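Input: a single structure, listed below in structure tokens.
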Amino acid sequence: MKLFRPAGKQPLWKDEFSINRADEQYVSRRQFTKFLVLTSLGMFAGNVWILARSWFSKGTLVYPEKNICRATDVPVGGVWLFRYPTEKDACILIRTDEESFVAYSQKCTHLSCAVYYARERNRLECPCHEGYFSIKDGSVLQGPPPRPLPRVVLERREDQIVAVGMTVLQET
Ligand code: FES
């Protein structure tokens, strides 16, 4: 079986669309500089976006509303797990008394383990490195977490509990 064509017997299309392989793979200094500049600009824009996002995320972020549960679904001291604002964002809602509900992101601000509600100590606890968060405002009570838990802004509409945004406690 022949693997190579003799030099003089190249297909017709190669004569008509001749491409010099060495030229095709050659990258000029100008092209390389252009690539570096564009890559650097892309990285710069990404960093500006991250900075702006972290800056604005210290206030309340409004997201599309989502029905979480009915008030009667959760007994006093009970929890309800849900996802907000996207299906990737696990959250935990706690009914603190007959009329009060609070909800936080379930992702620990240290290394993202899932926090849970420790009813007997009335706080949110992270099992990974014993990080504890206040049930009142999500602030750090103890441990390595560097920031409070993002809080889900809730509204009660008759029996319906609705999530309307996220907020982060301002650190002083
Ligand atoms: S991941 Fe929560 S304390 Fe470390």
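Going through the structure tokens in order, the chains are called A, B, and so on, while each chain numbers its residues from 1 and the ligands are numbered from 1 in the order shown.
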
Q: Enumerate as a list in words the residues within 6 Å of ligand 1, counting only C-alpha atoms and all ligand atoms.
A: Cys108, His110, Leu111, Ser112, Cys113, Cys126, Cys128, His129, Glu130, Gly131, Pro144 and Pro145 of chain A

With only C-alpha atoms as the counted atoms, please give the residues lying no more than 9 Å from Leu124 (chain A), apart from itself and same-chain residues fewer than 2 positions off, as a short mmCIF file (atom, residue, chain, number, x, y, z; two decimals) with all heavy atoms, in the first residue's frame.
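Output saved as result_29.cif:
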```cif
data_model
loop_
_atom_site.label_atom_id
_atom_site.label_comp_id
_atom_site.auth_asym_id
_atom_site.auth_seq_id
_atom_site.Cartn_x
_atom_site.Cartn_y
_atom_site.Cartn_z
N VAL A 115 -23.08 24.99 55.26
CA VAL A 115 -23.40 25.26 56.67
C VAL A 115 -24.77 24.64 56.98
O VAL A 115 -25.57 24.40 56.09
CB VAL A 115 -23.41 26.77 56.98
CG1 VAL A 115 -22.06 27.40 56.69
CG2 VAL A 115 -24.51 27.48 56.19
N TYR A 116 -24.99 24.37 58.25
CA TYR A 116 -26.28 23.82 58.69
C TYR A 116 -26.73 24.57 59.93
O TYR A 116 -25.92 25.26 60.59
CB TYR A 116 -26.17 22.31 58.96
CG TYR A 116 -25.27 21.98 60.13
CD1 TYR A 116 -25.78 21.84 61.42
CD2 TYR A 116 -23.90 21.83 59.95
CE1 TYR A 116 -24.95 21.57 62.49
CE2 TYR A 116 -23.06 21.56 61.02
CZ TYR A 116 -23.60 21.42 62.28
OH TYR A 116 -22.77 21.17 63.35
N TYR A 117 -28.00 24.44 60.26
CA TYR A 117 -28.54 25.14 61.42
C TYR A 117 -28.42 24.24 62.65
O TYR A 117 -28.96 23.13 62.67
CB TYR A 117 -30.01 25.50 61.17
CG TYR A 117 -30.68 26.16 62.34
CD1 TYR A 117 -30.12 27.28 62.95
CD2 TYR A 117 -31.88 25.68 62.85
CE1 TYR A 117 -30.74 27.89 64.04
CE2 TYR A 117 -32.51 26.30 63.92
CZ TYR A 117 -31.93 27.40 64.51
OH TYR A 117 -32.54 28.00 65.57
N ALA A 118 -27.69 24.73 63.66
CA ALA A 118 -27.57 24.02 64.93
C ALA A 118 -28.62 24.61 65.87
O ALA A 118 -28.41 25.67 66.45
CB ALA A 118 -26.16 24.18 65.51
N ARG A 119 -29.77 23.95 65.94
CA ARG A 119 -30.91 24.51 66.68
C ARG A 119 -30.60 24.70 68.16
O ARG A 119 -30.95 25.71 68.74
CB ARG A 119 -32.10 23.58 66.52
CG ARG A 119 -33.38 24.17 67.10
CD ARG A 119 -34.56 23.26 66.92
NE ARG A 119 -34.68 22.83 65.54
CZ ARG A 119 -35.31 21.71 65.16
NH1 ARG A 119 -35.87 20.94 66.04
NH2 ARG A 119 -35.37 21.39 63.88
N ARG A 121 -27.91 25.46 69.60
CA ARG A 121 -27.04 26.63 69.85
C ARG A 121 -27.53 27.86 69.07
O ARG A 121 -26.93 28.92 69.15
CB ARG A 121 -25.60 26.29 69.47
CG ARG A 121 -24.99 25.23 70.40
CD ARG A 121 -23.57 24.86 70.01
NE ARG A 121 -23.53 24.05 68.79
CZ ARG A 121 -23.80 22.75 68.74
NH1 ARG A 121 -24.14 22.09 69.84
NH2 ARG A 121 -23.74 22.08 67.61
N ASN A 122 -28.58 27.71 68.33
CA ASN A 122 -29.20 28.78 67.56
C ASN A 122 -28.19 29.55 66.70
O ASN A 122 -28.09 30.77 66.76
CB ASN A 122 -29.96 29.75 68.47
CG ASN A 122 -30.89 30.64 67.67
OD1 ASN A 122 -31.45 30.22 66.67
ND2 ASN A 122 -31.06 31.88 68.10
N CYS A 126 -20.48 25.55 60.34
CA CYS A 126 -19.79 24.88 59.23
C CYS A 126 -19.00 23.72 59.82
O CYS A 126 -18.17 23.92 60.71
CB CYS A 126 -18.85 25.85 58.52
SG CYS A 126 -17.92 25.03 57.21
N GLY A 131 -16.46 26.86 61.72
CA GLY A 131 -16.84 28.25 61.52
C GLY A 131 -18.30 28.41 61.92
O GLY A 131 -19.15 27.61 61.54
N TYR A 132 -18.59 29.44 62.73
CA TYR A 132 -19.95 29.65 63.20
C TYR A 132 -20.45 31.02 62.75
O TYR A 132 -19.70 32.00 62.75
CB TYR A 132 -20.00 29.57 64.74
CG TYR A 132 -19.49 28.28 65.31
CD1 TYR A 132 -18.90 28.24 66.58
CD2 TYR A 132 -19.59 27.09 64.61
CE1 TYR A 132 -18.42 27.05 67.10
CE2 TYR A 132 -19.11 25.90 65.12
CZ TYR A 132 -18.52 25.88 66.37
OH TYR A 132 -18.05 24.71 66.87
N PHE A 133 -21.72 31.06 62.40
CA PHE A 133 -22.34 32.29 61.91
C PHE A 133 -23.59 32.61 62.73
O PHE A 133 -24.32 31.71 63.14
CB PHE A 133 -22.74 32.15 60.45
CG PHE A 133 -21.59 31.84 59.52
CD1 PHE A 133 -21.22 30.52 59.26
CD2 PHE A 133 -20.89 32.86 58.90
CE1 PHE A 133 -20.17 30.23 58.40
CE2 PHE A 133 -19.85 32.59 58.03
CZ PHE A 133 -19.48 31.27 57.78
N SER A 134 -23.81 33.91 62.89
CA SER A 134 -24.99 34.37 63.62
C SER A 134 -26.25 34.11 62.80
O SER A 134 -26.27 34.35 61.59
CB SER A 134 -24.87 35.86 63.92
OG SER A 134 -26.12 36.38 64.32
N ILE A 135 -27.29 33.68 63.48
CA ILE A 135 -28.56 33.48 62.81
C ILE A 135 -29.26 34.82 62.55
O ILE A 135 -30.12 34.94 61.68
CB ILE A 135 -29.46 32.54 63.66
CG1 ILE A 135 -30.58 31.94 62.83
CG2 ILE A 135 -30.03 33.24 64.86
CD1 ILE A 135 -30.09 30.89 61.92
N GLY A 138 -25.99 36.72 59.89
CA GLY A 138 -25.03 35.96 59.10
C GLY A 138 -23.57 36.30 59.41
O GLY A 138 -22.67 35.80 58.75
#
```

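Of the listed residues (A:Gly143, A:Glu158, A:Arg151, A:Met43), A:Arg151 comes nearest to Leu93 (chain A); the distances count only C-alpha atoms.
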
Q: List every residue of region 2-122 of chain A that DSSP, applied to the backbone of this structure, places in strand (DSSP E or B), and write the result as a ChimeraX atom specification.
A: /A:60-70,79-83,90-95,101-105,107,114,116-118

Same residues, N, CA, C and O atoms, output as a short mmCIF file (atom, residue, chain, number, x, y, z; two decimals), in the first residue's frame:
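Output saved as part.cif:
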```cif
data_model
loop_
_atom_site.label_atom_id
_atom_site.label_comp_id
_atom_site.auth_asym_id
_atom_site.auth_seq_id
_atom_site.Cartn_x
_atom_site.Cartn_y
_atom_site.Cartn_z
N THR A 60 -27.38 45.36 48.37
CA THR A 60 -28.40 44.38 48.03
C THR A 60 -28.43 44.16 46.53
O THR A 60 -28.43 45.11 45.76
N LEU A 61 -28.40 42.93 46.15
CA LEU A 61 -28.51 42.58 44.74
C LEU A 61 -29.91 42.07 44.49
O LEU A 61 -30.37 41.17 45.18
N VAL A 62 -30.56 42.68 43.53
CA VAL A 62 -31.93 42.27 43.22
C VAL A 62 -31.88 41.18 42.17
O VAL A 62 -31.23 41.34 41.13
N TYR A 63 -32.54 40.08 42.46
CA TYR A 63 -32.65 38.99 41.50
C TYR A 63 -34.12 38.72 41.23
O TYR A 63 -34.98 39.19 41.99
N PRO A 64 -34.41 37.97 40.21
CA PRO A 64 -35.82 37.63 39.97
C PRO A 64 -36.43 36.95 41.20
O PRO A 64 -35.77 36.17 41.88
N GLU A 65 -37.67 37.29 41.45
CA GLU A 65 -38.35 36.71 42.62
C GLU A 65 -38.53 35.20 42.43
O GLU A 65 -38.68 34.72 41.31
N LYS A 66 -38.52 34.54 43.58
CA LYS A 66 -38.76 33.09 43.53
C LYS A 66 -39.55 32.67 44.76
O LYS A 66 -39.17 33.03 45.88
N ASN A 67 -40.61 31.94 44.55
CA ASN A 67 -41.36 31.40 45.68
C ASN A 67 -40.55 30.29 46.33
O ASN A 67 -40.09 29.37 45.65
N ILE A 68 -40.35 30.42 47.64
CA ILE A 68 -39.51 29.43 48.34
C ILE A 68 -40.37 28.33 48.97
O ILE A 68 -40.13 27.15 48.73
N CYS A 69 -41.32 28.73 49.78
CA CYS A 69 -42.18 27.75 50.43
C CYS A 69 -43.36 28.49 51.03
O CYS A 69 -43.41 29.72 50.98
N ARG A 70 -44.27 27.76 51.61
CA ARG A 70 -45.35 28.39 52.37
C ARG A 70 -44.93 28.43 53.82
O ARG A 70 -44.18 27.56 54.28
N VAL A 79 -36.07 24.11 59.30
CA VAL A 79 -35.31 24.66 58.17
C VAL A 79 -35.94 24.19 56.86
O VAL A 79 -36.65 23.19 56.82
N TRP A 80 -35.63 24.97 55.81
CA TRP A 80 -36.09 24.63 54.46
C TRP A 80 -34.92 24.91 53.53
O TRP A 80 -34.39 26.02 53.51
N LEU A 81 -34.52 23.90 52.80
CA LEU A 81 -33.40 24.08 51.87
C LEU A 81 -33.94 24.43 50.48
O LEU A 81 -34.93 23.85 50.04
N PHE A 82 -33.27 25.36 49.83
CA PHE A 82 -33.71 25.76 48.50
C PHE A 82 -32.51 26.29 47.72
O PHE A 82 -31.40 26.34 48.26
N ARG A 83 -32.74 26.70 46.49
CA ARG A 83 -31.65 27.23 45.65
C ARG A 83 -32.04 28.59 45.13
O ARG A 83 -33.13 28.77 44.62
N ALA A 90 -27.01 26.93 46.72
CA ALA A 90 -27.77 26.33 47.82
C ALA A 90 -27.98 27.34 48.93
O ALA A 90 -27.06 28.09 49.29
N CYS A 91 -29.19 27.37 49.47
CA CYS A 91 -29.53 28.30 50.55
C CYS A 91 -30.30 27.55 51.63
O CYS A 91 -30.86 26.48 51.38
N ILE A 92 -30.32 28.16 52.80
CA ILE A 92 -31.03 27.56 53.92
C ILE A 92 -31.93 28.61 54.55
O ILE A 92 -31.49 29.74 54.80
N LEU A 93 -33.18 28.25 54.75
CA LEU A 93 -34.15 29.14 55.41
C LEU A 93 -34.44 28.57 56.79
O LEU A 93 -34.59 27.35 56.94
N ILE A 94 -34.52 29.46 57.77
CA ILE A 94 -34.83 29.03 59.14
C ILE A 94 -36.01 29.85 59.64
O ILE A 94 -36.04 31.08 59.47
N ARG A 95 -36.95 29.19 60.24
CA ARG A 95 -38.06 29.91 60.87
C ARG A 95 -37.67 30.12 62.33
O ARG A 95 -37.59 29.17 63.11
N PHE A 101 -38.70 34.73 59.55
CA PHE A 101 -37.93 33.79 58.74
C PHE A 101 -36.63 34.47 58.34
O PHE A 101 -36.63 35.67 58.05
N VAL A 102 -35.54 33.74 58.33
CA VAL A 102 -34.28 34.26 57.78
C VAL A 102 -33.74 33.20 56.83
O VAL A 102 -34.03 32.02 56.97
N ALA A 103 -32.95 33.67 55.86
CA ALA A 103 -32.37 32.72 54.91
C ALA A 103 -30.99 33.22 54.49
O ALA A 103 -30.76 34.43 54.35
N TYR A 104 -30.07 32.28 54.33
CA TYR A 104 -28.69 32.59 53.98
C TYR A 104 -28.21 31.62 52.91
O TYR A 104 -28.75 30.52 52.77
N SER A 105 -27.15 32.07 52.25
CA SER A 105 -26.44 31.14 51.38
C SER A 105 -25.90 30.03 52.25
O SER A 105 -25.45 30.26 53.37
N LYS A 107 -23.37 28.30 51.51
CA LYS A 107 -21.95 28.09 51.20
C LYS A 107 -21.07 28.88 52.17
O LYS A 107 -21.09 30.11 52.18
N ALA A 114 -20.91 23.27 53.17
CA ALA A 114 -22.32 23.63 53.42
C ALA A 114 -22.54 23.84 54.92
O ALA A 114 -22.21 22.96 55.73
N TYR A 116 -24.99 24.37 58.25
CA TYR A 116 -26.28 23.82 58.69
C TYR A 116 -26.73 24.57 59.93
O TYR A 116 -25.92 25.26 60.59
N TYR A 117 -28.00 24.44 60.26
CA TYR A 117 -28.54 25.14 61.42
C TYR A 117 -28.42 24.24 62.65
O TYR A 117 -28.96 23.13 62.67
N ALA A 118 -27.69 24.73 63.66
CA ALA A 118 -27.57 24.02 64.93
C ALA A 118 -28.62 24.61 65.87
O ALA A 118 -28.41 25.67 66.45
#
```

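Taking CA of Asp159 (chain A) and CA of Asp97 (chain A) as the two end points, the separation is 14.7 Å.
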
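Of the listed residues A:Arg30, A:Arg147, A:Arg53, A:Lys14, the one whose atoms come nearest to Thr109 (chain A) is A:Arg147, with distances taken using only C-alpha atoms.
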
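Of the listed residues (A:Gln106, A:Arg123, A:Ala52, A:Ile161), A:Gln106 comes nearest to Asp89 (chain A); the distances count only C-alpha atoms.
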
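The space separating CA of Arg157 (chain A) from CA of Ala71 (chain A) comes to 9.6 Å.
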
Q.
For the alpha helix (DSSP H) assignment from backbone DSSP, which residues of region 9-84 of chain A qualify? Please present them as a ChimeraX atom specification.
A. /A:12-16,21-25,29-56

Q: Please measure the separation of CA of Leu141 (chain A) and CA of Leu51 (chain A), giving the value in Å to one decimal.
A: 26.6 Å

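Counting only C-alpha atoms, the residue from A:Pro148, A:Pro127, A:Pro75, A:Pro85 that sits nearest to Met166 (chain A) is A:Pro85.
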